[in-house]
$ cat coords.txt   # compact mmCIF, N, CA and C atoms
# COMPACT_ATOMS: atom_id res chain seq x y z
N MET A 160 12.91 -7.90 -0.50
CA MET A 160 13.30 -9.31 -0.61
C MET A 160 13.99 -9.75 0.68
N ALA A 161 13.58 -10.89 1.16
CA ALA A 161 14.16 -11.41 2.40
C ALA A 161 15.56 -11.94 2.13
N MET A 162 16.38 -11.79 3.14
CA MET A 162 17.75 -12.27 3.03
C MET A 162 17.92 -13.45 3.97
N ALA A 163 18.71 -14.40 3.56
CA ALA A 163 18.98 -15.55 4.41
C ALA A 163 20.49 -15.67 4.58
N PHE A 164 20.88 -16.26 5.68
CA PHE A 164 22.29 -16.46 5.96
C PHE A 164 22.63 -17.91 5.66
N LYS A 165 23.66 -18.12 4.83
CA LYS A 165 24.02 -19.48 4.43
C LYS A 165 24.99 -20.10 5.42
N MET A 166 24.70 -21.35 5.75
CA MET A 166 25.60 -22.14 6.58
C MET A 166 26.43 -22.99 5.63
N ALA A 167 27.66 -22.58 5.39
CA ALA A 167 28.50 -23.13 4.34
C ALA A 167 28.72 -24.64 4.44
N THR A 168 28.90 -25.17 5.62
CA THR A 168 29.28 -26.58 5.74
C THR A 168 28.16 -27.53 5.35
N THR A 169 26.91 -27.14 5.51
CA THR A 169 25.81 -28.06 5.22
C THR A 169 24.96 -27.64 4.05
N GLY A 170 25.18 -26.45 3.51
CA GLY A 170 24.34 -25.96 2.43
C GLY A 170 22.99 -25.48 2.92
N MET A 171 22.81 -25.35 4.23
CA MET A 171 21.57 -24.86 4.81
C MET A 171 21.56 -23.34 4.82
N TRP A 172 20.38 -22.78 4.86
CA TRP A 172 20.20 -21.34 4.97
C TRP A 172 19.44 -21.04 6.24
N VAL A 173 19.72 -19.91 6.85
CA VAL A 173 19.00 -19.47 8.04
C VAL A 173 18.13 -18.28 7.63
N ALA A 174 16.83 -18.42 7.81
CA ALA A 174 15.90 -17.35 7.43
C ALA A 174 16.11 -16.11 8.28
N ASP A 175 15.81 -14.95 7.69
CA ASP A 175 15.95 -13.66 8.38
C ASP A 175 15.18 -13.62 9.70
N ASP A 176 13.98 -14.20 9.70
CA ASP A 176 13.16 -14.11 10.92
C ASP A 176 13.81 -14.82 12.10
N CYS A 177 14.73 -15.75 11.85
CA CYS A 177 15.45 -16.41 12.95
C CYS A 177 16.31 -15.40 13.69
N LYS A 178 17.12 -14.66 12.94
CA LYS A 178 17.99 -13.67 13.56
C LYS A 178 17.19 -12.51 14.14
N ASN A 179 16.18 -12.07 13.42
CA ASN A 179 15.35 -10.95 13.90
C ASN A 179 14.63 -11.30 15.20
N SER A 180 14.06 -12.49 15.27
CA SER A 180 13.37 -12.92 16.50
C SER A 180 14.36 -13.04 17.65
N PHE A 181 15.55 -13.55 17.35
CA PHE A 181 16.57 -13.69 18.39
C PHE A 181 16.98 -12.32 18.92
N MET A 182 17.17 -11.34 18.04
CA MET A 182 17.55 -9.99 18.48
C MET A 182 16.45 -9.35 19.31
N GLU A 183 15.20 -9.59 18.94
CA GLU A 183 14.08 -9.09 19.74
C GLU A 183 14.09 -9.70 21.13
N MET A 184 14.41 -10.99 21.22
CA MET A 184 14.49 -11.66 22.51
C MET A 184 15.66 -11.11 23.32
N LYS A 185 16.80 -10.96 22.67
CA LYS A 185 18.02 -10.55 23.36
C LYS A 185 17.95 -9.10 23.86
N TRP A 186 17.51 -8.18 23.02
CA TRP A 186 17.56 -6.76 23.37
C TRP A 186 16.26 -6.21 23.93
N LYS A 187 15.13 -6.65 23.37
CA LYS A 187 13.85 -6.08 23.79
C LYS A 187 13.10 -6.96 24.78
N LYS A 188 13.58 -8.19 24.98
CA LYS A 188 12.92 -9.14 25.89
C LYS A 188 11.47 -9.42 25.47
N ASN A 189 11.24 -9.45 24.15
CA ASN A 189 9.89 -9.71 23.62
C ASN A 189 9.48 -11.18 23.70
N HIS A 190 10.46 -12.07 23.82
CA HIS A 190 10.18 -13.51 23.82
C HIS A 190 10.93 -14.18 24.98
N ARG A 191 10.33 -15.21 25.53
CA ARG A 191 11.01 -16.03 26.54
C ARG A 191 11.84 -17.11 25.85
N TYR A 192 11.29 -17.66 24.76
CA TYR A 192 12.02 -18.69 24.03
C TYR A 192 11.65 -18.66 22.55
N ILE A 193 12.53 -19.25 21.74
CA ILE A 193 12.28 -19.40 20.30
C ILE A 193 12.68 -20.83 19.94
N VAL A 194 11.82 -21.52 19.20
CA VAL A 194 12.11 -22.86 18.73
C VAL A 194 12.30 -22.77 17.21
N PHE A 195 13.39 -23.36 16.72
CA PHE A 195 13.72 -23.34 15.30
C PHE A 195 13.61 -24.75 14.73
N LYS A 196 13.24 -24.82 13.44
CA LYS A 196 13.20 -26.12 12.77
C LYS A 196 13.84 -26.00 11.40
N ILE A 197 14.26 -27.14 10.87
CA ILE A 197 14.83 -27.19 9.53
C ILE A 197 13.77 -27.74 8.58
N ASP A 198 13.50 -27.00 7.52
CA ASP A 198 12.64 -27.49 6.45
C ASP A 198 13.56 -28.21 5.47
N GLU A 199 13.48 -29.53 5.44
CA GLU A 199 14.42 -30.32 4.64
C GLU A 199 14.27 -30.07 3.15
N LYS A 200 13.07 -29.75 2.69
CA LYS A 200 12.86 -29.52 1.25
C LYS A 200 13.51 -28.22 0.79
N SER A 201 13.29 -27.15 1.54
CA SER A 201 13.85 -25.86 1.13
C SER A 201 15.25 -25.63 1.68
N ARG A 202 15.72 -26.52 2.58
CA ARG A 202 17.03 -26.42 3.22
C ARG A 202 17.18 -25.09 3.95
N LEU A 203 16.12 -24.75 4.69
CA LEU A 203 16.05 -23.46 5.37
C LEU A 203 15.71 -23.66 6.85
N VAL A 204 16.45 -22.99 7.73
CA VAL A 204 16.14 -22.99 9.16
C VAL A 204 15.15 -21.86 9.40
N THR A 205 14.01 -22.18 9.99
CA THR A 205 12.96 -21.18 10.21
C THR A 205 12.51 -21.20 11.67
N VAL A 206 11.76 -20.17 12.05
CA VAL A 206 11.18 -20.11 13.40
C VAL A 206 9.96 -21.01 13.42
N ASP A 207 9.92 -21.91 14.39
CA ASP A 207 8.79 -22.84 14.55
C ASP A 207 7.78 -22.29 15.56
N LYS A 208 8.28 -21.86 16.73
CA LYS A 208 7.41 -21.35 17.79
C LYS A 208 8.13 -20.25 18.53
N VAL A 209 7.35 -19.34 19.09
CA VAL A 209 7.89 -18.25 19.91
C VAL A 209 7.08 -18.19 21.19
N GLY A 210 7.77 -18.11 22.32
CA GLY A 210 7.10 -18.03 23.61
C GLY A 210 7.06 -16.60 24.12
N SER A 211 5.93 -16.19 24.64
CA SER A 211 5.78 -14.83 25.17
C SER A 211 6.62 -14.67 26.44
N PRO A 212 6.91 -13.41 26.83
CA PRO A 212 7.76 -13.18 28.01
C PRO A 212 7.22 -13.80 29.30
N GLY A 213 5.92 -13.99 29.40
CA GLY A 213 5.32 -14.55 30.61
C GLY A 213 5.35 -16.06 30.71
N GLU A 214 5.80 -16.73 29.66
CA GLU A 214 5.80 -18.20 29.68
C GLU A 214 6.97 -18.73 30.52
N SER A 215 6.79 -19.93 31.04
CA SER A 215 7.78 -20.54 31.93
C SER A 215 8.67 -21.53 31.19
N TYR A 216 9.65 -22.04 31.91
CA TYR A 216 10.52 -23.06 31.33
C TYR A 216 9.73 -24.33 31.03
N ASP A 217 8.75 -24.64 31.86
CA ASP A 217 7.91 -25.82 31.62
C ASP A 217 7.11 -25.67 30.33
N ASP A 218 6.62 -24.45 30.06
CA ASP A 218 5.92 -24.18 28.80
C ASP A 218 6.84 -24.42 27.62
N PHE A 219 8.08 -23.94 27.76
CA PHE A 219 9.08 -24.13 26.71
C PHE A 219 9.34 -25.62 26.47
N ALA A 220 9.60 -26.37 27.54
CA ALA A 220 9.91 -27.80 27.41
C ALA A 220 8.73 -28.55 26.77
N ALA A 221 7.51 -28.15 27.11
CA ALA A 221 6.33 -28.79 26.54
C ALA A 221 6.15 -28.47 25.06
N SER A 222 6.74 -27.37 24.59
CA SER A 222 6.58 -26.98 23.20
C SER A 222 7.48 -27.77 22.24
N LEU A 223 8.44 -28.53 22.78
CA LEU A 223 9.32 -29.31 21.93
C LEU A 223 8.67 -30.64 21.56
N PRO A 224 8.77 -31.05 20.29
CA PRO A 224 8.15 -32.32 19.89
C PRO A 224 8.89 -33.52 20.50
N THR A 225 8.16 -34.59 20.72
CA THR A 225 8.76 -35.79 21.31
C THR A 225 9.38 -36.70 20.26
N ASP A 226 9.09 -36.44 18.97
CA ASP A 226 9.56 -37.34 17.93
C ASP A 226 10.31 -36.65 16.79
N ASP A 227 10.75 -35.40 17.00
CA ASP A 227 11.48 -34.70 15.96
C ASP A 227 12.50 -33.75 16.59
N CYS A 228 13.57 -33.48 15.89
CA CYS A 228 14.63 -32.61 16.39
C CYS A 228 14.24 -31.14 16.24
N ARG A 229 14.83 -30.31 17.07
CA ARG A 229 14.66 -28.86 17.00
C ARG A 229 15.89 -28.19 17.61
N TYR A 230 16.07 -26.93 17.27
CA TYR A 230 17.00 -26.05 17.98
C TYR A 230 16.11 -25.09 18.77
N ALA A 231 16.63 -24.58 19.86
CA ALA A 231 15.87 -23.61 20.63
C ALA A 231 16.81 -22.69 21.38
N VAL A 232 16.32 -21.51 21.68
CA VAL A 232 17.02 -20.60 22.59
C VAL A 232 16.03 -20.22 23.68
N PHE A 233 16.54 -20.16 24.91
CA PHE A 233 15.71 -19.84 26.07
C PHE A 233 16.40 -18.76 26.87
N ASP A 234 15.67 -17.70 27.22
CA ASP A 234 16.20 -16.59 28.00
C ASP A 234 15.90 -16.87 29.47
N PHE A 235 16.94 -17.25 30.21
CA PHE A 235 16.80 -17.64 31.61
C PHE A 235 17.17 -16.47 32.53
N ASP A 236 16.20 -15.99 33.27
CA ASP A 236 16.41 -14.91 34.24
C ASP A 236 16.59 -15.53 35.63
N PHE A 237 17.56 -15.00 36.38
CA PHE A 237 17.81 -15.52 37.72
C PHE A 237 18.43 -14.44 38.59
N VAL A 238 18.50 -14.73 39.89
CA VAL A 238 19.11 -13.81 40.85
C VAL A 238 20.32 -14.52 41.45
N THR A 239 21.46 -13.85 41.45
CA THR A 239 22.70 -14.44 41.98
C THR A 239 22.68 -14.42 43.50
N VAL A 240 23.68 -15.06 44.11
CA VAL A 240 23.78 -15.08 45.57
C VAL A 240 24.04 -13.67 46.11
N ASP A 241 24.56 -12.78 45.27
CA ASP A 241 24.78 -11.38 45.65
C ASP A 241 23.54 -10.52 45.44
N ASN A 242 22.42 -11.17 45.14
CA ASN A 242 21.14 -10.51 44.92
C ASN A 242 21.15 -9.60 43.67
N CYS A 243 21.87 -10.02 42.64
CA CYS A 243 21.90 -9.31 41.36
C CYS A 243 21.04 -10.05 40.35
N ARG A 244 20.20 -9.30 39.64
CA ARG A 244 19.38 -9.91 38.59
C ARG A 244 20.23 -10.10 37.34
N LYS A 245 20.21 -11.32 36.80
CA LYS A 245 20.98 -11.64 35.60
C LYS A 245 20.11 -12.42 34.62
N SER A 246 20.59 -12.47 33.41
CA SER A 246 19.91 -13.20 32.36
C SER A 246 20.95 -13.89 31.49
N LYS A 247 20.71 -15.15 31.15
CA LYS A 247 21.60 -15.88 30.25
C LYS A 247 20.75 -16.55 29.18
N ILE A 248 21.26 -16.50 27.96
CA ILE A 248 20.55 -17.13 26.85
C ILE A 248 21.17 -18.50 26.59
N PHE A 249 20.33 -19.52 26.63
CA PHE A 249 20.74 -20.90 26.41
C PHE A 249 20.38 -21.34 25.00
N PHE A 250 21.31 -22.01 24.34
CA PHE A 250 21.05 -22.66 23.06
C PHE A 250 20.84 -24.14 23.37
N ILE A 251 19.72 -24.68 22.94
CA ILE A 251 19.40 -26.08 23.22
C ILE A 251 19.25 -26.83 21.91
N ALA A 252 20.05 -27.88 21.76
CA ALA A 252 19.95 -28.77 20.61
C ALA A 252 19.13 -29.97 21.05
N TRP A 253 17.89 -30.04 20.62
CA TRP A 253 16.95 -31.07 21.04
C TRP A 253 16.92 -32.17 19.98
N SER A 254 17.31 -33.37 20.36
CA SER A 254 17.35 -34.50 19.45
C SER A 254 16.83 -35.75 20.17
N PRO A 255 15.51 -35.88 20.29
CA PRO A 255 14.95 -37.00 21.05
C PRO A 255 15.26 -38.35 20.40
N THR A 256 15.33 -39.36 21.22
CA THR A 256 15.67 -40.70 20.72
C THR A 256 14.64 -41.21 19.72
N ALA A 257 13.41 -40.75 19.79
CA ALA A 257 12.36 -41.21 18.88
C ALA A 257 12.43 -40.55 17.50
N SER A 258 13.30 -39.57 17.30
CA SER A 258 13.38 -38.89 16.00
C SER A 258 14.14 -39.75 14.99
N ARG A 259 13.92 -39.43 13.72
CA ARG A 259 14.57 -40.17 12.64
C ARG A 259 16.08 -39.97 12.66
N THR A 260 16.82 -40.97 12.25
CA THR A 260 18.28 -40.88 12.21
C THR A 260 18.72 -39.78 11.25
N ARG A 261 18.06 -39.66 10.11
CA ARG A 261 18.40 -38.61 9.14
C ARG A 261 18.24 -37.23 9.76
N ALA A 262 17.18 -37.01 10.50
CA ALA A 262 16.95 -35.72 11.15
C ALA A 262 18.03 -35.44 12.19
N LYS A 263 18.40 -36.45 12.95
CA LYS A 263 19.45 -36.27 13.96
C LYS A 263 20.77 -35.85 13.31
N MET A 264 21.11 -36.49 12.20
CA MET A 264 22.35 -36.16 11.49
C MET A 264 22.28 -34.75 10.91
N LEU A 265 21.16 -34.39 10.32
CA LEU A 265 21.00 -33.07 9.72
C LEU A 265 21.12 -31.97 10.78
N TYR A 266 20.46 -32.14 11.90
CA TYR A 266 20.51 -31.13 12.97
C TYR A 266 21.90 -31.06 13.59
N ALA A 267 22.56 -32.20 13.74
CA ALA A 267 23.91 -32.19 14.33
C ALA A 267 24.90 -31.46 13.44
N THR A 268 24.81 -31.65 12.14
CA THR A 268 25.77 -31.02 11.24
C THR A 268 25.46 -29.55 10.97
N SER A 269 24.24 -29.11 11.22
CA SER A 269 23.85 -27.73 10.94
C SER A 269 23.92 -26.81 12.15
N LYS A 270 24.12 -27.37 13.32
CA LYS A 270 24.05 -26.62 14.58
C LYS A 270 25.02 -25.45 14.64
N ASP A 271 26.27 -25.65 14.30
CA ASP A 271 27.27 -24.58 14.43
C ASP A 271 26.96 -23.39 13.54
N GLY A 272 26.43 -23.63 12.36
CA GLY A 272 26.07 -22.53 11.47
C GLY A 272 25.00 -21.64 12.06
N LEU A 273 23.99 -22.23 12.66
CA LEU A 273 22.94 -21.43 13.30
C LEU A 273 23.49 -20.68 14.50
N ARG A 274 24.33 -21.32 15.27
CA ARG A 274 24.93 -20.66 16.45
C ARG A 274 25.73 -19.43 16.04
N ARG A 275 26.42 -19.49 14.89
CA ARG A 275 27.19 -18.33 14.43
C ARG A 275 26.27 -17.15 14.09
N VAL A 276 25.10 -17.44 13.57
CA VAL A 276 24.15 -16.38 13.21
C VAL A 276 23.54 -15.76 14.47
N LEU A 277 23.32 -16.57 15.50
CA LEU A 277 22.71 -16.10 16.75
C LEU A 277 23.81 -15.64 17.71
N ASP A 278 24.22 -14.42 17.57
CA ASP A 278 25.31 -13.88 18.37
C ASP A 278 24.82 -13.46 19.75
N GLY A 279 25.42 -14.02 20.80
CA GLY A 279 25.05 -13.65 22.16
C GLY A 279 24.56 -14.79 23.02
N ILE A 280 24.82 -16.01 22.58
CA ILE A 280 24.42 -17.19 23.36
C ILE A 280 25.47 -17.43 24.44
N HIS A 281 25.01 -17.67 25.67
CA HIS A 281 25.92 -17.86 26.80
C HIS A 281 26.26 -19.32 27.07
N CYS A 282 25.27 -20.20 26.97
CA CYS A 282 25.45 -21.61 27.34
C CYS A 282 24.78 -22.50 26.30
N GLU A 283 25.27 -23.73 26.20
CA GLU A 283 24.68 -24.69 25.28
C GLU A 283 24.34 -25.98 26.01
N VAL A 284 23.20 -26.55 25.64
CA VAL A 284 22.76 -27.83 26.20
C VAL A 284 22.35 -28.72 25.03
N GLN A 285 22.81 -29.96 25.04
CA GLN A 285 22.37 -30.95 24.06
C GLN A 285 21.55 -31.98 24.80
N ALA A 286 20.36 -32.24 24.32
CA ALA A 286 19.45 -33.12 25.05
C ALA A 286 18.76 -34.12 24.12
N THR A 287 18.61 -35.34 24.63
CA THR A 287 17.87 -36.37 23.91
C THR A 287 16.58 -36.75 24.65
N ASP A 288 16.47 -36.33 25.90
CA ASP A 288 15.23 -36.51 26.66
C ASP A 288 15.10 -35.36 27.66
N PRO A 289 13.91 -35.12 28.19
CA PRO A 289 13.67 -33.95 29.05
C PRO A 289 14.57 -33.87 30.29
N THR A 290 15.04 -34.98 30.81
CA THR A 290 15.88 -34.93 32.01
C THR A 290 17.25 -34.30 31.72
N GLU A 291 17.70 -34.37 30.48
CA GLU A 291 18.99 -33.79 30.11
C GLU A 291 18.94 -32.27 29.95
N MET A 292 17.74 -31.71 29.97
CA MET A 292 17.60 -30.26 29.87
C MET A 292 16.64 -29.73 30.94
N GLY A 293 16.58 -30.43 32.06
CA GLY A 293 15.72 -30.02 33.16
C GLY A 293 16.18 -28.71 33.78
N MET A 294 15.34 -28.13 34.59
CA MET A 294 15.66 -26.85 35.23
C MET A 294 16.91 -26.95 36.09
N ASP A 295 17.16 -28.10 36.69
CA ASP A 295 18.37 -28.27 37.50
C ASP A 295 19.63 -28.15 36.63
N VAL A 296 19.60 -28.66 35.41
CA VAL A 296 20.73 -28.55 34.47
C VAL A 296 20.93 -27.09 34.07
N ILE A 297 19.83 -26.40 33.78
CA ILE A 297 19.90 -25.00 33.37
C ILE A 297 20.48 -24.14 34.50
N LYS A 298 19.97 -24.34 35.71
CA LYS A 298 20.47 -23.56 36.86
C LYS A 298 21.95 -23.83 37.10
N HIS A 299 22.37 -25.08 37.01
CA HIS A 299 23.77 -25.45 37.24
C HIS A 299 24.68 -24.75 36.22
N LYS A 300 24.28 -24.72 34.95
CA LYS A 300 25.10 -24.07 33.93
C LYS A 300 25.06 -22.55 34.03
N ALA A 301 23.97 -22.00 34.54
CA ALA A 301 23.84 -20.54 34.64
C ALA A 301 24.70 -19.97 35.73
N TYR A 302 24.80 -20.69 36.84
CA TYR A 302 25.57 -20.16 37.98
C TYR A 302 27.00 -20.56 37.81
$ encode --input "coords.txt" --output "structure tokens"
Amino acid sequence: MAMAFKMATTGMWVADDCKNSFMEMKWKKNHRYIVFKIDEKSRLVTVDKVGSPGESYDDFAASLPTDDCRYAVFDFDFVTVDNCRKSKIFFIAWSPTASRTRAKMLYATSKDGLRRVLDGIHCEVQATDPTEMGMDVIKHKAY
């Protein structure tokens, strides 16, 4: 039987595959990104899409819907000025202006519960359009 993690403040549940996919990304580097969605009927946060390790940030940005909210995590690899390879996991709360007001409210109130389940996030970005989560924003927060 699958286990889900309850987010007490909103009555939402986080499906097991959310945490499992995140751990695979964090420790095994099996995924470049994971996109999560809320199923309003079942009140469950589930995995919507998973990006392979070879996919780019542009692939990730293109995978987000233009008219609905999502949560996402992106594993950003970079090299520091000291020539050290590093990786930071970004949590992105995507809430485009074209999405429904109810969806925006639901995602805003459920965000902290999902973040608690996903242990190991380094940075957070909240975006309503692609320019607010562009590569320049990611690089600035990573360094």
$ atom_distance --input "coords.txt" --atom1 "CA of Lys263 (chain A)" --atom2 "atom C of Asp288 (chain A)"
14.4 Å
$ residues_around --input "coords.txt" --residues "Lys188 (chain A)" --least-positions-apart "6" --cutoff "8 Å" --atoms "all atoms listed in the file" --output "PyMOL selection string"
chain A and resi 182+211-212
$ closest_residue --input "coords.txt" --among "A:Lys200, A:Tyr302, A:Ser269, A:Val276" --to "Cys177 (chain A)" --atoms "only N, CA and C atoms"
A:Val276
$ atom_distance --input "coords.txt" --atom1 "CA of Arg229 (chain A)" --atom2 "CA of Leu273 (chain A)"
11.7 Å
$ atom_distance --input "coords.txt" --atom1 "atom N of Val232 (chain A)" --atom2 "CA of Ile193 (chain A)"
4.8 Å
$ select_by_dssp --input "coords.txt" --residues "region 184-302 of chain A" --states "alpha helix (DSSP H)" --output "VMD selection string"
chain A and resid 216 to 222 260 to 276 294 to 301
$ residues_around --input "coords.txt" --residues "region 219-228 of chain A" --least-positions-apart "2" --cutoff "8 Å" --atoms "only C-alpha atoms" --output "ChimeraX atom specification"
/A:192,194,196,208,210,214-217,230,233,252-259,262-263,266,289
$ write_last_selection --input "coords.txt" --atoms "N, CA and C atoms" --output "PDB file, in the frame of the given file"
ATOM      1  N   TYR A 192      11.290 -17.660  24.760  1.00  0.00           N
ATOM      2  CA  TYR A 192      12.020 -18.690  24.030  1.00  0.00           C
ATOM      3  C   TYR A 192      11.650 -18.660  22.550  1.00  0.00           C
ATOM      4  N   VAL A 194      11.820 -21.520  19.200  1.00  0.00           N
ATOM      5  CA  VAL A 194      12.110 -22.860  18.730  1.00  0.00           C
ATOM      6  C   VAL A 194      12.300 -22.770  17.210  1.00  0.00           C
ATOM      7  N   LYS A 196      13.240 -24.820  13.440  1.00  0.00           N
ATOM      8  CA  LYS A 196      13.200 -26.120  12.770  1.00  0.00           C
ATOM      9  C   LYS A 196      13.840 -26.000  11.400  1.00  0.00           C
ATOM     10  N   LYS A 208       8.280 -21.860  16.730  1.00  0.00           N
ATOM     11  CA  LYS A 208       7.410 -21.350  17.790  1.00  0.00           C
ATOM     12  C   LYS A 208       8.130 -20.250  18.530  1.00  0.00           C
ATOM     13  N   GLY A 210       7.770 -18.110  22.320  1.00  0.00           N
ATOM     14  CA  GLY A 210       7.100 -18.030  23.610  1.00  0.00           C
ATOM     15  C   GLY A 210       7.060 -16.600  24.120  1.00  0.00           C
ATOM     16  N   GLU A 214       5.800 -16.730  29.660  1.00  0.00           N
ATOM     17  CA  GLU A 214       5.800 -18.200  29.680  1.00  0.00           C
ATOM     18  C   GLU A 214       6.970 -18.730  30.520  1.00  0.00           C
ATOM     19  N   SER A 215       6.790 -19.930  31.040  1.00  0.00           N
ATOM     20  CA  SER A 215       7.780 -20.540  31.930  1.00  0.00           C
ATOM     21  C   SER A 215       8.670 -21.530  31.190  1.00  0.00           C
ATOM     22  N   TYR A 216       9.650 -22.040  31.910  1.00  0.00           N
ATOM     23  CA  TYR A 216      10.520 -23.060  31.330  1.00  0.00           C
ATOM     24  C   TYR A 216       9.730 -24.330  31.030  1.00  0.00           C
ATOM     25  N   ASP A 217       8.750 -24.640  31.860  1.00  0.00           N
ATOM     26  CA  ASP A 217       7.910 -25.820  31.620  1.00  0.00           C
ATOM     27  C   ASP A 217       7.110 -25.670  30.330  1.00  0.00           C
ATOM     28  N   TYR A 230      16.070 -26.930  17.270  1.00  0.00           N
ATOM     29  CA  TYR A 230      17.000 -26.050  17.980  1.00  0.00           C
ATOM     30  C   TYR A 230      16.110 -25.090  18.770  1.00  0.00           C
ATOM     31  N   PHE A 233      16.540 -20.160  24.910  1.00  0.00           N
ATOM     32  CA  PHE A 233      15.710 -19.840  26.070  1.00  0.00           C
ATOM     33  C   PHE A 233      16.400 -18.760  26.870  1.00  0.00           C
ATOM     34  N   ALA A 252      20.050 -27.880  21.760  1.00  0.00           N
ATOM     35  CA  ALA A 252      19.950 -28.770  20.610  1.00  0.00           C
ATOM     36  C   ALA A 252      19.130 -29.970  21.050  1.00  0.00           C
ATOM     37  N   TRP A 253      17.890 -30.040  20.620  1.00  0.00           N
ATOM     38  CA  TRP A 253      16.950 -31.070  21.040  1.00  0.00           C
ATOM     39  C   TRP A 253      16.920 -32.170  19.980  1.00  0.00           C
ATOM     40  N   SER A 254      17.310 -33.370  20.360  1.00  0.00           N
ATOM     41  CA  SER A 254      17.350 -34.500  19.450  1.00  0.00           C
ATOM     42  C   SER A 254      16.830 -35.750  20.170  1.00  0.00           C
ATOM     43  N   PRO A 255      15.510 -35.880  20.290  1.00  0.00           N
ATOM     44  CA  PRO A 255      14.950 -37.000  21.050  1.00  0.00           C
ATOM     45  C   PRO A 255      15.260 -38.350  20.400  1.00  0.00           C
ATOM     46  N   THR A 256      15.330 -39.360  21.220  1.00  0.00           N
ATOM     47  CA  THR A 256      15.670 -40.700  20.720  1.00  0.00           C
ATOM     48  C   THR A 256      14.640 -41.210  19.720  1.00  0.00           C
ATOM     49  N   ALA A 257      13.410 -40.750  19.790  1.00  0.00           N
ATOM     50  CA  ALA A 257      12.360 -41.210  18.880  1.00  0.00           C
ATOM     51  C   ALA A 257      12.430 -40.550  17.500  1.00  0.00           C
ATOM     52  N   SER A 258      13.300 -39.570  17.300  1.00  0.00           N
ATOM     53  CA  SER A 258      13.380 -38.890  16.000  1.00  0.00           C
ATOM     54  C   SER A 258      14.140 -39.750  14.990  1.00  0.00           C
ATOM     55  N   ARG A 259      13.920 -39.430  13.720  1.00  0.00           N
ATOM     56  CA  ARG A 259      14.570 -40.170  12.640  1.00  0.00           C
ATOM     57  C   ARG A 259      16.080 -39.970  12.660  1.00  0.00           C
ATOM     58  N   ALA A 262      17.180 -37.010  10.500  1.00  0.00           N
ATOM     59  CA  ALA A 262      16.950 -35.720  11.150  1.00  0.00           C
ATOM     60  C   ALA A 262      18.030 -35.440  12.190  1.00  0.00           C
ATOM     61  N   LYS A 263      18.400 -36.450  12.950  1.00  0.00           N
ATOM     62  CA  LYS A 263      19.450 -36.270  13.960  1.00  0.00           C
ATOM     63  C   LYS A 263      20.770 -35.850  13.310  1.00  0.00           C
ATOM     64  N   TYR A 266      20.460 -32.140  11.900  1.00  0.00           N
ATOM     65  CA  TYR A 266      20.510 -31.130  12.970  1.00  0.00           C
ATOM     66  C   TYR A 266      21.900 -31.060  13.590  1.00  0.00           C
ATOM     67  N   PRO A 289      13.910 -35.120  28.190  1.00  0.00           N
ATOM     68  CA  PRO A 289      13.670 -33.950  29.050  1.00  0.00           C
ATOM     69  C   PRO A 289      14.570 -33.870  30.290  1.00  0.00           C
TER      70      PRO A 289
END
$ select_by_dssp --input "coords.txt" --residues "region 193-269 of chain A" --states "strand (DSSP E or B)" --output "ChimeraX atom specification"
/A:193-198,203-210,229-238,244-253
$ residues_around --input "coords.txt" --residues "Leu203 (chain A)" --least-positions-apart "6" --cutoff "6.5 Å" --atoms "only N, CA and C atoms" --output "list of chain:residue names"
A:Met171, A:Trp172, A:Val173, A:Ala174, A:Lys196, A:Ile197
$ closest_residue --input "coords.txt" --among "A:Arg191, A:Leu277, A:Ala286, A:Phe250" --to "Asp176 (chain A)" --atoms "only C-alpha atoms"
A:Leu277
$ residues_around --input "coords.txt" --residues "His281 (chain A)" --least-positions-apart "4" --cutoff "10 Å" --atoms "only C-alpha atoms" --output "list of chain:residue names"
A:Asp234, A:Ser246, A:Lys247, A:Ile248, A:Phe249, A:Phe250, A:Lys300, A:Ala301
$ closest_residue --input "coords.txt" --among "A:Phe181, A:His190, A:Glu199, A:Ile251" --to "Glu291 (chain A)" --atoms "only C-alpha atoms"
A:Ile251
